[in-house]
Amino acid sequence: MNKINGYTEEEATGLIEYIYTGKNAGKTLSYLFETYGREHSRAKGSVRNYYYAFLKKRGDERVEKILDGKNLSAGVVKPFTEEETDELLKQILAEKSKGYSIRRAIINVCGGDERLMLRMQNKYRNLLKKQPERVAQAAREAGLPEEKSFLQRKLEREIDELYSRLAVDLRRENERLKAELEKLRSGKEE
């Protein structure tokens with residue numbers, strides 16, 4: 001079986017046709033990745049990554065044949081510069097200092113630009129995970145308490161989930177014991 005980046009030529013053709021038809025119908029790429037993924041048991045992100053990797057293979061005659069006349073293209077990914085990264089951290093943390101959540105802080109900083117919001121959110125999440133010391137430094141400079149590390153937040157979530165499960169189990173056990181006690185009391189009264 002002849003594959004292109006892990007998809008058969010038939011699968012690649014199907015995806016490209018789906019994207020082409022959907023875009024011409026006014027659908028967003030995000031929507032198309034999600035719906036195609038759902039219909040083909042693939043993750044939205046996996047479909048998106050495949051699509052962009054496929055477009056980068058221009059020059060391969062199989063890819064050219066599938067793309068022929070479709071006028072599909074991918075914009076150039078513009079990474080944040082170091083200065084832009086520092087500035088976005090300052091802006092996000094300044095909004096956070098007003099009591100906003102990270103998501104709301106990013107929305108405020110971006111002024112409704114959805115593409116920029118997504119880029120900033122991804123960049124911020126990436127910084128928290130891979131450069132927590134940089135985020136901590138920016139927070140200190142902004143006079144804010146340090147952000148928790150990715151592992152700290154994960155551990156706290158797991159502890160909260162454990163407490164929730166324990167509370168449910170304890171409530172059930174308490175109800176069972178109350179019912180048992182009630183049976184015993186009603187048995188003595190007869």
# chains A, B, ... in the order shown; residues from 1 in each chain; ligands from 1
$ residues_around --residues "range 17-21 of chain A" --least-positions-apart "6" --cutoff "8 Å" --atoms "only C-alpha atoms" --output "number ranges by chain"
A: 29, 32, 36, 70, 72
$ write_last_selection --atoms "C-alpha atoms" --output "tab-separated table (two decimals), in the first residue's frame"
chain	number	residue	atom	x	y	z
A	29	LEU	CA	-10.59	24.56	8.76
A	32	LEU	CA	-13.49	20.55	8.98
A	36	TYR	CA	-13.47	14.75	9.47
A	70	LYS	CA	-7.70	22.81	-5.56
A	72	LEU	CA	-5.29	24.85	-1.03
$ select_by_dssp --residues "range 141-177 of chain A" --states "helix (DSSP H, G or I)" --output "PyMOL selection string"
chain A and resi 141+150-177
$ write_last_selection --atoms "N, CA and C atoms" --output "JSON list (two decimals), in the first residue's frame"
[["chain", "number", "residue", "atom", "x", "y", "z"],
["A", 141, "GLU", "N", 8.48, 39.98, 38.26],
["A", 141, "GLU", "CA", 8.66, 41.35, 37.76],
["A", 141, "GLU", "C", 7.35, 42.12, 37.74],
["A", 150, "PHE", "N", 3.46, 23.02, 35.76],
["A", 150, "PHE", "CA", 2.56, 22.06, 35.12],
["A", 150, "PHE", "C", 2.34, 20.86, 36.03],
["A", 151, "LEU", "N", 3.43, 20.35, 36.62],
["A", 151, "LEU", "CA", 3.31, 19.17, 37.48],
["A", 151, "LEU", "C", 2.55, 19.49, 38.76],
["A", 152, "GLN", "N", 2.75, 20.68, 39.31],
["A", 152, "GLN", "CA", 2.01, 21.08, 40.51],
["A", 152, "GLN", "C", 0.51, 21.13, 40.23],
["A", 153, "ARG", "N", 0.14, 21.74, 39.09],
["A", 153, "ARG", "CA", -1.28, 21.83, 38.74],
["A", 153, "ARG", "C", -1.87, 20.45, 38.50],
["A", 154, "LYS", "N", -1.10, 19.57, 37.85],
["A", 154, "LYS", "CA", -1.57, 18.21, 37.58],
["A", 154, "LYS", "C", -1.78, 17.46, 38.90],
["A", 155, "LEU", "N", -0.83, 17.58, 39.80],
["A", 155, "LEU", "CA", -0.93, 16.92, 41.10],
["A", 155, "LEU", "C", -2.13, 17.45, 41.88],
["A", 156, "GLU", "N", -2.34, 18.76, 41.88],
["A", 156, "GLU", "CA", -3.49, 19.33, 42.58],
["A", 156, "GLU", "C", -4.80, 18.83, 42.00],
["A", 157, "ARG", "N", -4.89, 18.73, 40.67],
["A", 157, "ARG", "CA", -6.11, 18.20, 40.04],
["A", 157, "ARG", "C", -6.35, 16.75, 40.48],
["A", 158, "GLU", "N", -5.27, 15.96, 40.48],
["A", 158, "GLU", "CA", -5.40, 14.56, 40.88],
["A", 158, "GLU", "C", -5.82, 14.43, 42.34],
["A", 159, "ILE", "N", -5.28, 15.28, 43.20],
["A", 159, "ILE", "CA", -5.66, 15.27, 44.62],
["A", 159, "ILE", "C", -7.13, 15.66, 44.77],
["A", 160, "ASP", "N", -7.56, 16.71, 44.04],
["A", 160, "ASP", "CA", -8.96, 17.13, 44.09],
["A", 160, "ASP", "C", -9.88, 16.01, 43.62],
["A", 161, "GLU", "N", -9.50, 15.33, 42.55],
["A", 161, "GLU", "CA", -10.32, 14.22, 42.05],
["A", 161, "GLU", "C", -10.38, 13.09, 43.07],
["A", 162, "LEU", "N", -9.26, 12.82, 43.74],
["A", 162, "LEU", "CA", -9.24, 11.77, 44.76],
["A", 162, "LEU", "C", -10.17, 12.14, 45.91],
["A", 163, "TYR", "N", -10.10, 13.39, 46.38],
["A", 163, "TYR", "CA", -10.99, 13.83, 47.44],
["A", 163, "TYR", "C", -12.45, 13.70, 47.01],
["A", 164, "SER", "N", -12.74, 14.07, 45.78],
["A", 164, "SER", "CA", -14.12, 13.95, 45.28],
["A", 164, "SER", "C", -14.58, 12.51, 45.29],
["A", 165, "ARG", "N", -13.74, 11.61, 44.81],
["A", 165, "ARG", "CA", -14.10, 10.18, 44.80],
["A", 165, "ARG", "C", -14.29, 9.66, 46.21],
["A", 166, "LEU", "N", -13.38, 10.05, 47.13],
["A", 166, "LEU", "CA", -13.49, 9.62, 48.51],
["A", 166, "LEU", "C", -14.77, 10.15, 49.15],
["A", 167, "ALA", "N", -15.10, 11.40, 48.87],
["A", 167, "ALA", "CA", -16.31, 11.99, 49.44],
["A", 167, "ALA", "C", -17.55, 11.23, 48.97],
["A", 168, "VAL", "N", -17.60, 10.86, 47.72],
["A", 168, "VAL", "CA", -18.73, 10.09, 47.19],
["A", 168, "VAL", "C", -18.80, 8.74, 47.88],
["A", 169, "ASP", "N", -17.66, 8.07, 47.98],
["A", 169, "ASP", "CA", -17.62, 6.76, 48.65],
["A", 169, "ASP", "C", -18.04, 6.87, 50.11],
["A", 170, "LEU", "N", -17.57, 7.92, 50.80],
["A", 170, "LEU", "CA", -17.93, 8.10, 52.21],
["A", 170, "LEU", "C", -19.42, 8.39, 52.36],
["A", 171, "ARG", "N", -19.99, 9.20, 51.45],
["A", 171, "ARG", "CA", -21.42, 9.47, 51.51],
["A", 171, "ARG", "C", -22.23, 8.19, 51.33],
["A", 172, "ARG", "N", -21.83, 7.37, 50.37],
["A", 172, "ARG", "CA", -22.53, 6.10, 50.15],
["A", 172, "ARG", "C", -22.44, 5.20, 51.38],
["A", 173, "GLU", "N", -21.24, 5.12, 51.95],
["A", 173, "GLU", "CA", -21.05, 4.29, 53.14],
["A", 173, "GLU", "C", -21.88, 4.84, 54.30],
["A", 174, "ASN", "N", -21.92, 6.15, 54.45],
["A", 174, "ASN", "CA", -22.72, 6.78, 55.50],
["A", 174, "ASN", "C", -24.21, 6.46, 55.31],
["A", 175, "GLU", "N", -24.70, 6.55, 54.08],
["A", 175, "GLU", "CA", -26.10, 6.23, 53.80],
["A", 175, "GLU", "C", -26.40, 4.76, 54.11],
["A", 176, "ARG", "N", -25.47, 3.89, 53.74],
["A", 176, "ARG", "CA", -25.65, 2.46, 54.00],
["A", 176, "ARG", "C", -25.72, 2.20, 55.50],
["A", 177, "LEU", "N", -24.81, 2.83, 56.25],
["A", 177, "LEU", "CA", -24.79, 2.65, 57.70],
["A", 177, "LEU", "C", -26.06, 3.22, 58.36]]
$ closest_residue --among "A:Arg104, A:Gly99, A:Val109, A:Leu116" --to "Lys78 in chain A" --atoms "only C-alpha atoms"
A:Leu116
$ residues_around --residues "Arg48 in chain A" --least-positions-apart "2" --cutoff "10 Å" --atoms "only C-alpha atoms" --output "compact mmCIF listing (two decimals) with C-alpha atoms, in the first residue's frame"
# COMPACT_ATOMS: atom_id res chain seq x y z
CA LEU A 29 -10.59 24.56 8.76
CA SER A 30 -11.02 23.95 12.46
CA LEU A 32 -13.49 20.55 8.98
CA PHE A 33 -10.64 18.96 10.95
CA GLU A 34 -13.02 18.20 13.81
CA TYR A 36 -13.47 14.75 9.47
CA GLY A 37 -11.75 13.39 12.55
CA ALA A 43 -8.28 13.19 16.60
CA LYS A 44 -8.91 16.72 15.31
CA GLY A 45 -5.27 17.64 15.99
CA SER A 46 -4.05 14.57 14.14
CA TYR A 50 -1.61 15.58 8.66
CA TYR A 51 -3.20 18.24 6.45
CA TYR A 52 -0.37 20.72 7.02
CA ALA A 53 2.32 18.05 6.64
CA PHE A 54 0.65 16.98 3.40
$ atom_distance --atom1 "CA of Leu144 in chain A" --atom2 "CA of Leu118 in chain A"
23.8 Å
$ select_by_dssp --residues "chain A" --states "strand (DSSP E)" --output "NGL selection string"
:A and (3-4 or 7-8)
$ closest_residue --among "A:Leu15, A:Leu89, A:Thr81, A:Ile66" --to "Glu39 in chain A" --atoms "only C-alpha atoms"
A:Leu15
